[in-house]
$ cat coords.csv   # CSV, C-alpha atoms and all ligand atoms
chain,number,residue,atom,x,y,z
A,14,MET,CA,-34.1,6.2,-57.6
A,15,GLN,CA,-37.9,5.9,-57.6
A,16,SER,CA,-39.1,3.7,-54.7
A,17,PRO,CA,-38.8,0.2,-56.3
A,18,PHE,CA,-41.1,-1.7,-54.0
A,19,PRO,CA,-44.3,-2.7,-55.7
A,20,GLY,CA,-46.7,-2.9,-52.8
A,21,GLY,CA,-44.8,-0.6,-50.5
A,22,LEU,CA,-45.4,3.1,-50.0
A,23,LEU,CA,-42.8,5.5,-48.7
A,24,ILE,CA,-44.2,8.8,-47.5
A,25,VAL,CA,-42.0,11.6,-46.2
A,26,PHE,CA,-42.7,14.8,-44.3
A,27,ASP,CA,-40.0,17.4,-44.4
A,28,GLY,CA,-39.4,21.1,-44.0
A,29,ILE,CA,-38.0,23.6,-41.5
A,30,ASP,CA,-38.5,23.2,-37.7
A,31,GLY,CA,-41.9,24.2,-36.4
A,32,VAL,CA,-43.7,23.6,-39.6
A,33,GLY,CA,-46.0,20.9,-38.4
A,34,LYS,CA,-44.2,17.8,-39.7
A,35,THR,CA,-44.7,15.8,-36.5
A,36,THR,CA,-48.5,16.5,-36.3
A,37,GLN,CA,-49.1,15.8,-40.0
A,38,SER,CA,-46.9,12.7,-40.1
A,39,ALA,CA,-48.6,11.3,-36.9
A,40,LEU,CA,-52.1,11.9,-38.5
A,41,THR,CA,-50.9,10.0,-41.6
A,42,ALA,CA,-49.6,7.1,-39.7
A,43,GLN,CA,-52.8,7.0,-37.7
A,44,LEU,CA,-54.8,6.9,-40.9
A,45,PHE,CA,-53.0,3.7,-42.1
A,46,GLY,CA,-53.2,2.2,-38.6
A,47,GLU,CA,-57.0,2.7,-38.4
A,48,ARG,CA,-57.3,0.8,-41.7
A,49,GLY,CA,-55.2,-2.1,-40.5
A,50,ILE,CA,-52.4,-1.4,-42.9
A,51,ARG,CA,-48.9,-2.3,-41.8
A,52,CYS,CA,-47.2,1.0,-41.2
A,53,ALA,CA,-43.8,1.9,-39.8
A,54,TYR,CA,-43.8,5.4,-38.4
A,55,SER,CA,-40.3,6.7,-37.8
A,56,LYS,CA,-38.3,9.9,-37.6
A,57,GLU,CA,-34.8,11.2,-38.3
A,58,PRO,CA,-32.4,11.7,-36.7
A,59,THR,CA,-33.2,8.3,-35.2
A,60,SER,CA,-32.7,7.2,-31.6
A,61,GLY,CA,-29.8,5.0,-32.7
A,62,PRO,CA,-26.2,5.7,-31.8
A,63,TRP,CA,-25.5,8.2,-34.6
A,64,GLY,CA,-28.8,10.0,-34.1
A,65,THR,CA,-28.2,10.3,-30.4
A,66,LYS,CA,-24.8,11.8,-31.0
A,67,LEU,CA,-26.3,14.3,-33.4
A,68,ARG,CA,-29.0,15.3,-30.9
A,69,GLU,CA,-26.4,15.8,-28.2
A,70,SER,CA,-24.3,17.9,-30.5
A,71,ALA,CA,-27.3,20.2,-31.2
A,72,LYS,CA,-27.2,21.1,-27.5
A,73,ALA,CA,-23.5,20.8,-26.6
A,74,GLY,CA,-22.0,22.5,-29.7
A,75,ARG,CA,-22.1,21.5,-33.3
A,76,LEU,CA,-19.8,19.1,-35.0
A,77,SER,CA,-17.7,20.1,-37.9
A,78,PRO,CA,-19.7,20.2,-41.2
A,79,GLU,CA,-17.9,17.1,-42.4
A,80,ASP,CA,-18.5,15.1,-39.3
A,81,GLU,CA,-22.1,16.2,-39.1
A,82,LEU,CA,-22.8,15.2,-42.7
A,83,GLU,CA,-21.1,11.8,-42.1
A,84,TYR,CA,-23.2,11.1,-38.9
A,85,PHE,CA,-26.5,12.0,-40.6
A,86,LEU,CA,-25.5,9.6,-43.5
A,87,LYS,CA,-24.6,6.8,-41.1
A,88,ASP,CA,-27.8,7.3,-39.1
A,89,ARG,CA,-29.8,7.1,-42.3
A,90,GLN,CA,-28.0,4.0,-43.5
A,91,GLU,CA,-28.9,2.2,-40.4
A,92,HIS,CA,-32.5,3.5,-40.6
A,93,VAL,CA,-32.8,2.3,-44.3
A,94,GLU,CA,-31.3,-1.1,-43.4
A,95,ASN,CA,-33.2,-1.8,-40.2
A,96,THR,CA,-36.6,-0.2,-40.8
A,97,ILE,CA,-37.3,1.5,-44.1
A,98,ARG,CA,-36.2,-1.2,-46.6
A,99,PRO,CA,-37.5,-4.2,-44.7
A,100,THR,CA,-41.0,-2.6,-44.3
A,101,LEU,CA,-41.2,-1.6,-48.0
A,102,GLU,CA,-40.0,-5.0,-49.1
A,103,ALA,CA,-42.7,-6.6,-47.1
A,104,GLY,CA,-45.2,-4.4,-48.9
A,105,GLY,CA,-45.8,-2.1,-46.0
A,106,VAL,CA,-46.1,1.7,-45.6
A,107,VAL,CA,-43.3,3.8,-44.2
A,108,VAL,CA,-44.1,7.3,-42.9
A,109,LEU,CA,-41.1,9.4,-42.1
A,110,ASP,CA,-40.8,12.6,-40.1
A,111,ARG,CA,-37.7,14.1,-41.9
A,112,TYR,CA,-35.5,12.3,-44.4
A,113,TYR,CA,-32.6,13.1,-46.7
A,114,PHE,CA,-34.1,16.4,-47.9
A,115,SER,CA,-33.3,17.7,-44.4
A,116,THR,CA,-29.6,16.7,-44.9
A,117,ALA,CA,-29.6,18.5,-48.3
A,118,ALA,CA,-31.1,21.6,-46.7
A,119,TYR,CA,-29.4,21.9,-43.3
A,120,GLN,CA,-25.9,20.5,-44.3
A,121,GLY,CA,-26.4,22.4,-47.6
A,122,ILE,CA,-26.3,25.6,-45.6
A,123,ARG,CA,-23.0,24.5,-44.1
A,124,GLY,CA,-21.4,24.5,-47.6
A,125,PHE,CA,-22.2,21.2,-49.3
A,126,ASP,CA,-24.0,21.1,-52.6
A,127,PHE,CA,-27.7,20.4,-52.3
A,128,TRP,CA,-27.9,18.0,-55.2
A,129,GLU,CA,-24.7,16.3,-54.4
A,130,ILE,CA,-26.1,15.4,-51.0
A,131,ILE,CA,-29.3,14.1,-52.6
A,132,GLU,CA,-27.2,12.0,-54.9
A,133,ARG,CA,-25.1,10.6,-52.0
A,134,ASN,CA,-28.2,9.6,-50.2
A,135,GLU,CA,-30.0,8.1,-53.1
A,136,ALA,CA,-27.1,5.7,-53.6
A,137,PHE,CA,-28.6,3.8,-50.6
A,138,ALA,CA,-31.9,5.4,-49.6
A,139,PRO,CA,-35.0,4.9,-51.7
A,140,ARG,CA,-36.7,8.0,-53.1
A,141,PRO,CA,-40.1,8.5,-51.5
A,142,ASP,CA,-43.3,7.9,-53.4
A,143,LEU,CA,-44.7,11.0,-51.9
A,144,PHE,CA,-42.7,13.8,-50.2
A,145,PHE,CA,-44.7,16.5,-48.5
A,146,LEU,CA,-42.6,19.6,-48.3
A,147,LEU,CA,-44.3,21.7,-45.6
A,148,ASP,CA,-43.5,25.3,-46.2
A,149,LEU,CA,-43.8,28.1,-43.8
A,150,ASP,CA,-42.2,31.5,-43.1
A,151,PRO,CA,-39.5,30.8,-40.4
A,152,ALA,CA,-40.8,33.4,-38.0
A,153,GLY,CA,-44.1,31.4,-37.9
A,154,GLY,CA,-42.0,28.2,-37.3
A,155,LEU,CA,-40.1,29.6,-34.4
A,156,ASP,CA,-43.4,30.9,-32.9
A,157,ARG,CA,-44.8,27.4,-33.0
A,158,ILE,CA,-41.6,25.9,-31.4
A,159,ARG,CA,-41.9,28.4,-28.5
A,160,LYS,CA,-45.7,27.9,-28.2
A,161,ARG,CA,-45.2,24.1,-27.8
A,162,GLY,CA,-43.0,25.0,-24.8
A,163,ASP,CA,-39.7,24.1,-26.5
A,164,THR,CA,-36.5,26.2,-26.7
A,165,PRO,CA,-35.2,26.5,-30.2
A,166,ASN,CA,-32.0,24.4,-30.6
A,167,ALA,CA,-28.7,25.2,-32.3
A,168,PHE,CA,-30.2,24.5,-35.7
A,169,GLU,CA,-33.2,26.8,-35.0
A,170,ASN,CA,-32.6,30.5,-35.4
A,171,GLU,CA,-34.3,32.7,-37.9
A,172,ASP,CA,-31.4,33.2,-40.3
A,173,ALA,CA,-30.6,29.5,-40.3
A,174,LEU,CA,-34.3,28.6,-40.9
A,175,THR,CA,-34.6,31.2,-43.7
A,176,ALA,CA,-31.6,29.6,-45.4
A,177,ALA,CA,-32.9,26.1,-44.8
A,178,ARG,CA,-36.3,27.1,-46.3
A,179,GLU,CA,-34.6,28.3,-49.4
A,180,MET,CA,-32.7,25.1,-49.7
A,181,PHE,CA,-35.7,22.9,-49.2
A,182,LEU,CA,-37.5,24.8,-52.0
A,183,LYS,CA,-34.9,23.6,-54.5
A,184,ALA,CA,-36.6,20.2,-54.3
A,185,LYS,CA,-40.1,21.5,-55.1
A,186,ASP,CA,-40.0,20.4,-58.7
A,187,LEU,CA,-39.2,16.8,-58.0
A,188,GLU,CA,-41.9,14.5,-59.2
A,189,CYS,CA,-42.4,13.1,-55.7
A,190,CYS,CA,-42.7,16.5,-54.1
A,191,GLN,CA,-46.0,18.0,-53.0
A,192,LEU,CA,-45.5,21.6,-51.8
A,193,VAL,CA,-47.8,22.3,-48.9
A,194,ASP,CA,-48.6,25.8,-47.6
A,195,ALA,CA,-48.3,25.0,-43.9
A,196,ALA,CA,-49.3,28.5,-42.7
A,197,ARG,CA,-53.0,27.4,-43.0
A,198,PRO,CA,-55.0,25.9,-40.2
A,199,MET,CA,-53.9,22.4,-39.3
A,200,THR,CA,-57.1,20.7,-40.4
A,201,GLU,CA,-56.9,22.3,-43.9
A,202,VAL,CA,-53.4,21.1,-44.3
A,203,ALA,CA,-54.4,17.7,-43.1
A,204,ALA,CA,-57.3,17.6,-45.7
A,205,ASP,CA,-54.9,18.4,-48.6
A,206,ILE,CA,-52.5,15.7,-47.4
A,207,ARG,CA,-55.2,13.1,-47.3
A,208,THR,CA,-56.3,13.9,-50.8
A,209,ALA,CA,-52.7,13.5,-52.1
A,210,LEU,CA,-52.2,10.4,-50.1
A,211,PHE,CA,-55.3,8.7,-51.5
A,212,ALA,CA,-54.2,9.6,-55.1
A,213,ALA,CA,-50.6,8.3,-54.5
A,214,ALA,CA,-51.9,5.1,-53.0
A,215,GLU,CA,-54.3,4.5,-55.8
A,216,ALA,CA,-51.5,5.1,-58.4
A,217,LYS,CA,-49.4,2.5,-56.7
A,218,GLY,CA,-52.3,0.0,-56.3
A,219,VAL,CA,-52.2,0.2,-52.5
A,220,LYS,CA,-55.7,0.0,-51.0
A,221,ILE,CA,-56.4,2.5,-48.2
B,301,LIG,P1,-35.7,17.4,-35.1
B,301,LIG,O1,-36.6,16.8,-36.1
B,301,LIG,O2,-36.0,18.8,-34.7
B,301,LIG,O3,-35.5,16.4,-33.8
B,301,LIG,P2,-36.1,16.6,-32.4
B,301,LIG,O4,-37.5,16.6,-32.5
B,301,LIG,O5,-35.5,15.4,-31.6
B,301,LIG,O6,-35.5,17.9,-31.9
B,301,LIG,O7,-34.2,17.3,-35.7
B,301,LIG,C1,-33.1,17.9,-35.0
B,301,LIG,C2,-32.4,18.8,-35.9
B,301,LIG,O8,-31.6,18.1,-36.9
B,301,LIG,C3,-33.3,19.7,-36.8
B,301,LIG,O9,-33.1,21.1,-36.4
B,301,LIG,C4,-32.8,19.5,-38.2
B,301,LIG,C5,-31.5,18.8,-38.1
B,301,LIG,N1,-31.3,17.8,-39.2
B,301,LIG,C6,-30.2,18.0,-40.0
B,301,LIG,O10,-29.5,19.0,-39.9
B,301,LIG,N2,-29.9,17.1,-41.0
B,301,LIG,C7,-30.7,16.0,-41.2
B,301,LIG,O11,-30.4,15.1,-42.1
B,301,LIG,C8,-31.8,15.8,-40.3
B,301,LIG,C9,-32.6,14.5,-40.4
B,301,LIG,C10,-32.0,16.7,-39.3

$ encode --input "coords.csv" --output "structure tokens" --more "lines below"
Ligand code: TYD
Amino acid sequence: MQSPFPGGLLIVFDGIDGVGKTTQSALTAQLFGERGIRCAYSKEPTSGPWGTKLRESAKAGRLSPEDELEYFLKDRQEHVENTIRPTLEAGGVVVLDRYYFSTAAYQGIRGFDFWEIIERNEAFAPRPDLFFLLDLDPAGGLDRIRKRGDTPNAFENEDALTAAREMFLKAKDLECCQLVDAARPMTEVAADIRTALFAAAEAKGVKI
């Protein structure tokens, strides 16, 4: 389902852990904010009840694949209902740090079919206007996680991230997907993202 909201713009940053999603999504939200454009900046898993359970499980021991998938879907349903859809309907911009491509990639590794997960999500979650797939070799991602002083969680070991990267890349040919080489300096990546953002906004008639 292409984002059906005429004035709204849904922009998603996704990819493996440590790839720079948070930095680039924050810069993007800032860009809209500076221009006085209504922008909801949000992340998944959310801080709602399902998202909280999922974060706890990443530390305490993972849920079964079925429960984990179900919790991510429930978390996203709430997110769509409470934040994403209302903002888009009001003609605003939504910038997301992770979305259903993460479910397709990470829960895909646990045995579910990548495209089936996408389909289950798109039954209720609008497809982004622009999906930045930040791509990086997992060793580089883990390096960044450690450099920012974090300890990699249960989702974050090199084998899992290598598998997740391969999964994410299945989405690279979607029309909304912009594959970004995230191994480059942060400013270069940000410049590319800006260019793509302006083009997407213009195509949708959103002034930035
Ligand atoms: P993350 O963005 O790293 O959250 P935090 O910054 O709070 O640590 O997300 C936590 C983990 O959840 C991450 O390793 C990827 C995983 N994840 C999934 O497995 N499926 C999903 O649908 C999403 C959104 C995240």

$ residues_around --input "coords.csv" --residues "Ala118 of chain A" --least-positions-apart "5" --cutoff "10 Å" --atoms "all atoms listed in the file" --output "number ranges by chain"
A: 28-29, 113, 123, 125-128, 130-131, 174, 176-184

$ residues_near_ligand --input "coords.csv" --ligand "ligand LIG 301 (chain B)" --cutoff "8 Å" --atoms "all atoms listed in the file" --output "JSON, numbers by chain"
{"A": [29, 30, 56, 57, 58, 67, 68, 71, 81, 82, 85, 86, 110, 111, 112, 113, 114, 115, 116, 117, 118, 119, 120, 166, 167, 168, 169]}

$ write_last_selection --input "coords.csv" --atoms "C-alpha atoms" --output "short mmCIF file (atom, residue, chain, number, x, y, z; two decimals), in the frame of the given file"
data_model
loop_
_atom_site.label_atom_id
_atom_site.label_comp_id
_atom_site.auth_asym_id
_atom_site.auth_seq_id
_atom_site.Cartn_x
_atom_site.Cartn_y
_atom_site.Cartn_z
CA ILE A 29 -38.00 23.60 -41.50
CA ASP A 30 -38.50 23.20 -37.70
CA LYS A 56 -38.30 9.90 -37.60
CA GLU A 57 -34.80 11.20 -38.30
CA PRO A 58 -32.40 11.70 -36.70
CA LEU A 67 -26.30 14.30 -33.40
CA ARG A 68 -29.00 15.30 -30.90
CA ALA A 71 -27.30 20.20 -31.20
CA GLU A 81 -22.10 16.20 -39.10
CA LEU A 82 -22.80 15.20 -42.70
CA PHE A 85 -26.50 12.00 -40.60
CA LEU A 86 -25.50 9.60 -43.50
CA ASP A 110 -40.80 12.60 -40.10
CA ARG A 111 -37.70 14.10 -41.90
CA TYR A 112 -35.50 12.30 -44.40
CA TYR A 113 -32.60 13.10 -46.70
CA PHE A 114 -34.10 16.40 -47.90
CA SER A 115 -33.30 17.70 -44.40
CA THR A 116 -29.60 16.70 -44.90
CA ALA A 117 -29.60 18.50 -48.30
CA ALA A 118 -31.10 21.60 -46.70
CA TYR A 119 -29.40 21.90 -43.30
CA GLN A 120 -25.90 20.50 -44.30
CA ASN A 166 -32.00 24.40 -30.60
CA ALA A 167 -28.70 25.20 -32.30
CA PHE A 168 -30.20 24.50 -35.70
CA GLU A 169 -33.20 26.80 -35.00
#

$ atom_distance --input "coords.csv" --atom1 "atom CA of Thr175 of chain A" --atom2 "atom CA of Tyr54 of chain A"
27.9 Å

$ atom_distance --input "coords.csv" --atom1 "atom CA of Thr59 of chain A" --atom2 "atom CA of Arg89 of chain A"
8.0 Å

$ closest_residue --input "coords.csv" --among "A:Ser55, A:Gln191, A:Thr96, A:Ser70" --to "Ala138 of chain A" --atoms "only C-alpha atoms"
A:Thr96

$ residues_around --input "coords.csv" --residues "Leu23 of chain A" --least-positions-apart "2" --cutoff "10 Å" --atoms "only C-alpha atoms" --output "mmCIF file with C-alpha atoms, keeping the file's coordinate frame"
data_model
loop_
_atom_site.group_PDB
_atom_site.id
_atom_site.type_symbol
_atom_site.label_atom_id
_atom_site.label_comp_id
_atom_site.auth_asym_id
_atom_site.auth_seq_id
_atom_site.Cartn_x
_atom_site.Cartn_y
_atom_site.Cartn_z
ATOM 1 C CA SER A 16 -39.100 3.700 -54.700
ATOM 2 C CA PHE A 18 -41.100 -1.700 -54.000
ATOM 3 C CA GLY A 21 -44.800 -0.600 -50.500
ATOM 4 C CA VAL A 25 -42.000 11.600 -46.200
ATOM 5 C CA CYS A 52 -47.200 1.000 -41.200
ATOM 6 C CA ALA A 53 -43.800 1.900 -39.800
ATOM 7 C CA ILE A 97 -37.300 1.500 -44.100
ATOM 8 C CA ARG A 98 -36.200 -1.200 -46.600
ATOM 9 C CA THR A 100 -41.000 -2.600 -44.300
ATOM 10 C CA LEU A 101 -41.200 -1.600 -48.000
ATOM 11 C CA GLY A 105 -45.800 -2.100 -46.000
ATOM 12 C CA VAL A 106 -46.100 1.700 -45.600
ATOM 13 C CA VAL A 107 -43.300 3.800 -44.200
ATOM 14 C CA VAL A 108 -44.100 7.300 -42.900
ATOM 15 C CA LEU A 109 -41.100 9.400 -42.100
ATOM 16 C CA PRO A 139 -35.000 4.900 -51.700
ATOM 17 C CA ARG A 140 -36.700 8.000 -53.100
ATOM 18 C CA PRO A 141 -40.100 8.500 -51.500
ATOM 19 C CA ASP A 142 -43.300 7.900 -53.400
ATOM 20 C CA LEU A 143 -44.700 11.000 -51.900
ATOM 21 C CA PHE A 144 -42.700 13.800 -50.200
#

$ atom_distance --input "coords.csv" --atom1 "atom CA of Thr41 of chain A" --atom2 "atom CA of Ala203 of chain A"
8.6 Å

$ closest_atom_pairs --input "coords.csv" --of "segment 112-177 of chain A" --to "segment 199-202 of chain A" --cutoff "12 Å" --atoms "all atoms listed in the file" --output "tab-separated table"
residue	atom	partner	partner_atom	distance
A:Phe145	CA	A:Val202	CA	10.7
A:Leu146	CA	A:Val202	CA	11.6
A:Leu147	CA	A:Val202	CA	9.2
A:Asp148	CA	A:Val202	CA	10.9
A:Leu149	CA	A:Val202	CA	11.9

$ closest_residue --input "coords.csv" --among "A:Phe137, A:Gly20, A:Phe26, A:Asn170" --to "Leu40 of chain A" --atoms "only C-alpha atoms"
A:Phe26

$ build_atoms --input "coords.csv" --residues "segment 199-211 of chain A" --atoms "N, CA, C and O atoms" --output "PDB file, in the frame of the given file"
ATOM      1  N   MET A 199     -54.303  23.734 -39.290  1.00  0.00           N
ATOM      2  CA  MET A 199     -53.900  22.400 -39.300  1.00  0.00           C
ATOM      3  C   MET A 199     -54.834  21.407 -40.022  1.00  0.00           C
ATOM      4  O   MET A 199     -54.427  20.525 -40.757  1.00  0.00           O
ATOM      5  N   THR A 200     -56.145  21.648 -39.833  1.00  0.00           N
ATOM      6  CA  THR A 200     -57.100  20.700 -40.400  1.00  0.00           C
ATOM      7  C   THR A 200     -57.166  20.880 -41.951  1.00  0.00           C
ATOM      8  O   THR A 200     -57.361  19.903 -42.666  1.00  0.00           O
ATOM      9  N   GLU A 201     -56.959  22.124 -42.425  1.00  0.00           N
ATOM     10  CA  GLU A 201     -56.900  22.300 -43.900  1.00  0.00           C
ATOM     11  C   GLU A 201     -55.721  21.656 -44.493  1.00  0.00           C
ATOM     12  O   GLU A 201     -55.819  21.019 -45.545  1.00  0.00           O
ATOM     13  N   VAL A 202     -54.590  21.782 -43.821  1.00  0.00           N
ATOM     14  CA  VAL A 202     -53.400  21.100 -44.300  1.00  0.00           C
ATOM     15  C   VAL A 202     -53.577  19.623 -44.325  1.00  0.00           C
ATOM     16  O   VAL A 202     -53.258  18.943 -45.302  1.00  0.00           O
ATOM     17  N   ALA A 203     -54.170  19.101 -43.252  1.00  0.00           N
ATOM     18  CA  ALA A 203     -54.400  17.700 -43.100  1.00  0.00           C
ATOM     19  C   ALA A 203     -55.324  17.161 -44.269  1.00  0.00           C
ATOM     20  O   ALA A 203     -55.118  16.079 -44.827  1.00  0.00           O
ATOM     21  N   ALA A 204     -56.320  17.966 -44.626  1.00  0.00           N
ATOM     22  CA  ALA A 204     -57.300  17.600 -45.700  1.00  0.00           C
ATOM     23  C   ALA A 204     -56.543  17.458 -47.026  1.00  0.00           C
ATOM     24  O   ALA A 204     -56.737  16.501 -47.786  1.00  0.00           O
ATOM     25  N   ASP A 205     -55.676  18.419 -47.308  1.00  0.00           N
ATOM     26  CA  ASP A 205     -54.900  18.400 -48.600  1.00  0.00           C
ATOM     27  C   ASP A 205     -54.000  17.159 -48.608  1.00  0.00           C
ATOM     28  O   ASP A 205     -53.847  16.509 -49.639  1.00  0.00           O
ATOM     29  N   ILE A 206     -53.391  16.872 -47.473  1.00  0.00           N
ATOM     30  CA  ILE A 206     -52.500  15.700 -47.400  1.00  0.00           C
ATOM     31  C   ILE A 206     -53.215  14.432 -47.643  1.00  0.00           C
ATOM     32  O   ILE A 206     -52.758  13.565 -48.392  1.00  0.00           O
ATOM     33  N   ARG A 207     -54.374  14.329 -47.068  1.00  0.00           N
ATOM     34  CA  ARG A 207     -55.200  13.100 -47.300  1.00  0.00           C
ATOM     35  C   ARG A 207     -55.530  12.903 -48.728  1.00  0.00           C
ATOM     36  O   ARG A 207     -55.411  11.788 -49.246  1.00  0.00           O
ATOM     37  N   THR A 208     -55.919  13.983 -49.396  1.00  0.00           N
ATOM     38  CA  THR A 208     -56.300  13.900 -50.800  1.00  0.00           C
ATOM     39  C   THR A 208     -55.068  13.363 -51.621  1.00  0.00           C
ATOM     40  O   THR A 208     -55.202  12.455 -52.442  1.00  0.00           O
ATOM     41  N   ALA A 209     -53.904  13.955 -51.364  1.00  0.00           N
ATOM     42  CA  ALA A 209     -52.700  13.500 -52.100  1.00  0.00           C
ATOM     43  C   ALA A 209     -52.329  12.100 -51.768  1.00  0.00           C
ATOM     44  O   ALA A 209     -51.884  11.337 -52.642  1.00  0.00           O
ATOM     45  N   LEU A 210     -52.534  11.722 -50.511  1.00  0.00           N
ATOM     46  CA  LEU A 210     -52.200  10.400 -50.100  1.00  0.00           C
ATOM     47  C   LEU A 210     -53.058   9.320 -50.813  1.00  0.00           C
ATOM     48  O   LEU A 210     -52.549   8.312 -51.304  1.00  0.00           O
ATOM     49  N   PHE A 211     -54.361   9.591 -50.873  1.00  0.00           N
ATOM     50  CA  PHE A 211     -55.300   8.700 -51.500  1.00  0.00           C
ATOM     51  C   PHE A 211     -54.879   8.523 -53.019  1.00  0.00           C
ATOM     52  O   PHE A 211     -54.878   7.420 -53.560  1.00  0.00           O
TER      53      PHE A 211
END
